[in-house]
Amino acid sequence: MLFWLALVGFVLLNGALIAQAYYNNSKVQGCFESLAELMPEADESAILAKMDALFRLQYIDKQDFPDEFYDELMISATGYGVEISSFYDVVIWPAGKVEAVNERDEYDVDDLEGMDVLKHKLRIDLTFNPYAISVVGNQ
C-alpha cells in the first residue's frame, strides 16, 4: 500500500510541475497576443511597460521563467505592426538535480556516476516559443 501511495504521489507531483510549465507558457502566449492586438502601433518601451503590467495582472512572477526567457525576449515594433517572441527551456527533475555539476551548473553525461545517472535519465526538458504578431494597414 505504501509503495502505491508513493508511486501515485510521485506521478502527481511531477505531473503538476509539467502542467505548471505549460500553464505559465499559455499565460505568456495570451499576454503576447493581447499586446500585439491592442498595441500594434506602439513602440518597444511602451509594449515592455504594458507587458510588465499584464504579467502582474495575471499573477505571472518573473521567477516562473528562466533568465533565458528574458534574454531571448524580442520585441519588434515598426509602427506598422508588432512582433513579440521569446524562446526558453524548462527542466523538470523528477528525481532531483544532478549533483556532479561544474561552476556553471553544467555536467558531462559521460562523467556521471551512481544516482546522478538515474537523475539525468529521468530529466524532462520542455521547450517553449511564445510568439505573436500584428499588422496595421496593408503592410
# chains A, B, ... in the order shown; residues from 1 in each chain; ligands from 1
call {"tool": "residues_around", "arguments": {"residues": "segment 18-30 of chain A", "least_positions_apart": "5", "cutoff": "10 Å", "atoms": "only C-alpha atoms", "output": "PyMOL selection string"}}
result
chain A and resi 12-13+35-36+51+54-55+58-61+64-65+84-86+88-92+124-132
call {"tool": "write_last_selection", "arguments": {"atoms": "C-alpha atoms", "output": "mmCIF file, in the first residue's frame"}}
result
data_model
loop_
_atom_site.group_PDB
_atom_site.id
_atom_site.type_symbol
_atom_site.label_atom_id
_atom_site.label_comp_id
_atom_site.auth_asym_id
_atom_site.auth_seq_id
_atom_site.Cartn_x
_atom_site.Cartn_y
_atom_site.Cartn_z
ATOM 1 C CA LEU A 12 1.037 13.520 -9.356
ATOM 2 C CA LEU A 13 3.836 15.812 -8.172
ATOM 3 C CA LEU A 35 -0.209 43.141 -26.641
ATOM 4 C CA ALA A 36 0.088 42.539 -30.375
ATOM 5 C CA MET A 51 3.840 43.590 -20.621
ATOM 6 C CA LEU A 54 -0.073 42.373 -17.731
ATOM 7 C CA PHE A 55 2.277 39.931 -16.031
ATOM 8 C CA GLN A 58 -2.208 37.677 -14.427
ATOM 9 C CA TYR A 59 -0.038 36.795 -11.408
ATOM 10 C CA ILE A 60 2.937 35.874 -13.559
ATOM 11 C CA ASP A 61 6.044 36.021 -11.397
ATOM 12 C CA ASP A 64 8.360 31.445 -13.008
ATOM 13 C CA PHE A 65 10.618 31.681 -16.055
ATOM 14 C CA ILE A 84 6.837 39.677 -29.861
ATOM 15 C CA SER A 85 8.603 36.406 -29.201
ATOM 16 C CA SER A 86 10.817 34.558 -26.788
ATOM 17 C CA TYR A 88 13.151 29.233 -23.343
ATOM 18 C CA ASP A 89 13.585 25.783 -21.854
ATOM 19 C CA VAL A 90 12.174 24.424 -18.615
ATOM 20 C CA VAL A 91 13.820 21.419 -16.972
ATOM 21 C CA ILE A 92 11.820 19.142 -14.667
ATOM 22 C CA ILE A 124 12.326 16.150 -18.601
ATOM 23 C CA ASP A 125 13.225 19.008 -20.968
ATOM 24 C CA LEU A 126 10.406 21.237 -22.190
ATOM 25 C CA THR A 127 10.979 23.884 -24.870
ATOM 26 C CA PHE A 128 8.624 26.823 -25.352
ATOM 27 C CA ASN A 129 8.477 29.544 -28.004
ATOM 28 C CA PRO A 130 5.621 32.005 -27.336
ATOM 29 C CA TYR A 131 5.025 34.256 -30.350
ATOM 30 C CA ALA A 132 2.567 36.908 -31.525
#
call {"tool": "closest_residue", "arguments": {"among": "A:Ala46, A:Glu68, A:Asp105, A:Pro94", "to": "Leu7 of chain A", "atoms": "only C-alpha atoms"}}
result
A:Pro94
call {"tool": "select_by_dssp", "arguments": {"residues": "segment 38-138 of chain A", "states": "alpha helix (DSSP H)", "output": "list in words"}}
result
Leu38, Glu44, Ser45, Ala46, Ile47, Leu48, Ala49, Lys50, Met51, Asp52, Ala53, Leu54, Phe55, Arg56, Leu57, Asp67, Glu68, Phe69, Tyr70, Asp71, Met115, Asp116, Val117, Leu118, Lys119, His120, Lys121 and Leu122 of chain A
call {"tool": "select_by_dssp", "arguments": {"residues": "chain A", "states": "strand (DSSP E or B)", "output": "ChimeraX atom specification"}}
result
/A:74-77,81-85,88-92,124-128,131-135
call {"tool": "residues_around", "arguments": {"residues": "segment 116-121 of chain A", "least_positions_apart": "3", "cutoff": "6 Å", "atoms": "only C-alpha atoms", "output": "compact mmCIF listing (two decimals) with C-alpha atoms, in the first residue's frame"}}
result
# COMPACT_ATOMS: atom_id res chain seq x y z
CA ALA A 95 14.44 12.52 -9.01
CA VAL A 98 22.28 16.13 -10.79
CA LEU A 112 28.06 10.78 -14.14
CA GLU A 113 28.05 8.02 -11.55
call {"tool": "residues_around", "arguments": {"residues": "Glu37 of chain A", "least_positions_apart": "2", "cutoff": "10 Å", "atoms": "only C-alpha atoms", "output": "ChimeraX atom specification"}}
result
/A:31-35,39-41,81-82,132-136
call {"tool": "write_last_selection", "arguments": {"atoms": "C-alpha atoms", "output": "compact mmCIF listing (two decimals), in the first residue's frame"}}
result
# COMPACT_ATOMS: atom_id res chain seq x y z
CA CYS A 31 -0.16 38.26 -22.97
CA PHE A 32 1.86 38.39 -26.18
CA GLU A 33 -1.29 38.04 -28.31
CA SER A 34 -3.11 40.73 -26.29
CA LEU A 35 -0.21 43.14 -26.64
CA MET A 39 -0.90 47.94 -29.28
CA PRO A 40 0.03 47.38 -32.95
CA GLU A 41 1.43 50.90 -33.40
CA GLY A 81 2.87 46.23 -36.54
CA VAL A 82 4.37 44.47 -33.58
CA ALA A 132 2.57 36.91 -31.52
CA ILE A 133 2.44 39.30 -34.45
CA SER A 134 0.12 42.07 -35.59
CA VAL A 135 -0.04 44.17 -38.74
CA VAL A 136 -1.57 47.60 -39.28
call {"tool": "closest_residue", "arguments": {"among": "A:Glu44, A:Glu99, A:Leu2, A:Glu106", "to": "Met74 of chain A", "atoms": "only C-alpha atoms"}}
result
A:Glu44
call {"tool": "atom_distance", "arguments": {"atom1": "atom CA of Phe10 of chain A", "atom2": "atom CA of Lys62 of chain A"}}
result
26.8 Å
call {"tool": "atom_distance", "arguments": {"atom1": "atom CA of Asp43 of chain A", "atom2": "atom CA of Ile75 of chain A"}}
result
9.0 Å
call {"tool": "decode", "arguments": {"residues": "segment 59-131 of chain A", "atoms": "C-alpha atoms", "output": "CSV table (one decimal), in the first residue's frame"}}
result
chain,number,residue,atom,x,y,z
A,59,TYR,CA,0.0,36.8,-11.4
A,60,ILE,CA,2.9,35.9,-13.6
A,61,ASP,CA,6.0,36.0,-11.4
A,62,LYS,CA,9.4,36.8,-13.1
A,63,GLN,CA,10.8,33.8,-11.2
A,64,ASP,CA,8.4,31.4,-13.0
A,65,PHE,CA,10.6,31.7,-16.1
A,66,PRO,CA,14.3,31.1,-16.5
A,67,ASP,CA,16.6,34.0,-17.3
A,68,GLU,CA,16.8,32.7,-20.8
A,69,PHE,CA,13.1,33.9,-21.3
A,70,TYR,CA,14.1,37.5,-20.7
A,71,ASP,CA,17.5,37.2,-22.6
A,72,GLU,CA,15.7,35.9,-25.7
A,73,LEU,CA,12.7,38.3,-25.5
A,74,MET,CA,12.4,40.1,-28.8
A,75,ILE,CA,10.0,43.0,-29.4
A,76,SER,CA,10.0,44.4,-32.8
A,77,ALA,CA,7.8,47.5,-33.2
A,78,THR,CA,7.9,49.1,-36.7
A,79,GLY,CA,4.9,51.4,-36.5
A,80,TYR,CA,3.1,49.1,-38.9
A,81,GLY,CA,2.9,46.2,-36.5
A,82,VAL,CA,4.4,44.5,-33.6
A,83,GLU,CA,6.2,41.2,-33.3
A,84,ILE,CA,6.8,39.7,-29.9
A,85,SER,CA,8.6,36.4,-29.2
A,86,SER,CA,10.8,34.6,-26.8
A,87,PHE,CA,12.4,31.2,-26.5
A,88,TYR,CA,13.2,29.2,-23.3
A,89,ASP,CA,13.6,25.8,-21.9
A,90,VAL,CA,12.2,24.4,-18.6
A,91,VAL,CA,13.8,21.4,-17.0
A,92,ILE,CA,11.8,19.1,-14.7
A,93,TRP,CA,13.9,17.0,-12.3
A,94,PRO,CA,11.7,14.1,-11.1
A,95,ALA,CA,14.4,12.5,-9.0
A,96,GLY,CA,16.2,15.8,-8.1
A,97,LYS,CA,19.0,17.7,-9.8
A,98,VAL,CA,22.3,16.1,-10.8
A,99,GLU,CA,24.9,16.8,-8.1
A,100,ALA,CA,28.1,16.4,-10.2
A,101,VAL,CA,27.9,19.9,-11.8
A,102,ASN,CA,30.6,22.5,-12.5
A,103,GLU,CA,30.6,26.1,-11.5
A,104,ARG,CA,28.3,27.0,-14.5
A,105,ASP,CA,25.7,24.4,-13.3
A,106,GLU,CA,26.6,22.1,-16.3
A,107,TYR,CA,27.7,18.5,-16.3
A,108,ASP,CA,29.1,15.9,-18.7
A,109,VAL,CA,26.9,12.8,-19.1
A,110,ASP,CA,29.9,10.5,-19.5
A,111,ASP,CA,31.2,11.5,-16.1
A,112,LEU,CA,28.1,10.8,-14.1
A,113,GLU,CA,28.0,8.0,-11.6
A,114,GLY,CA,25.5,6.4,-9.3
A,115,MET,CA,22.3,8.2,-8.6
A,116,ASP,CA,23.3,11.0,-11.0
A,117,VAL,CA,22.9,8.7,-14.0
A,118,LEU,CA,19.3,8.0,-13.0
A,119,LYS,CA,18.6,11.6,-12.3
A,120,HIS,CA,19.8,12.5,-15.8
A,121,LYS,CA,17.8,9.8,-17.4
A,122,LEU,CA,14.6,10.9,-15.7
A,123,ARG,CA,15.1,14.6,-16.6
A,124,ILE,CA,12.3,16.1,-18.6
A,125,ASP,CA,13.2,19.0,-21.0
A,126,LEU,CA,10.4,21.2,-22.2
A,127,THR,CA,11.0,23.9,-24.9
A,128,PHE,CA,8.6,26.8,-25.4
A,129,ASN,CA,8.5,29.5,-28.0
A,130,PRO,CA,5.6,32.0,-27.3
A,131,TYR,CA,5.0,34.3,-30.3
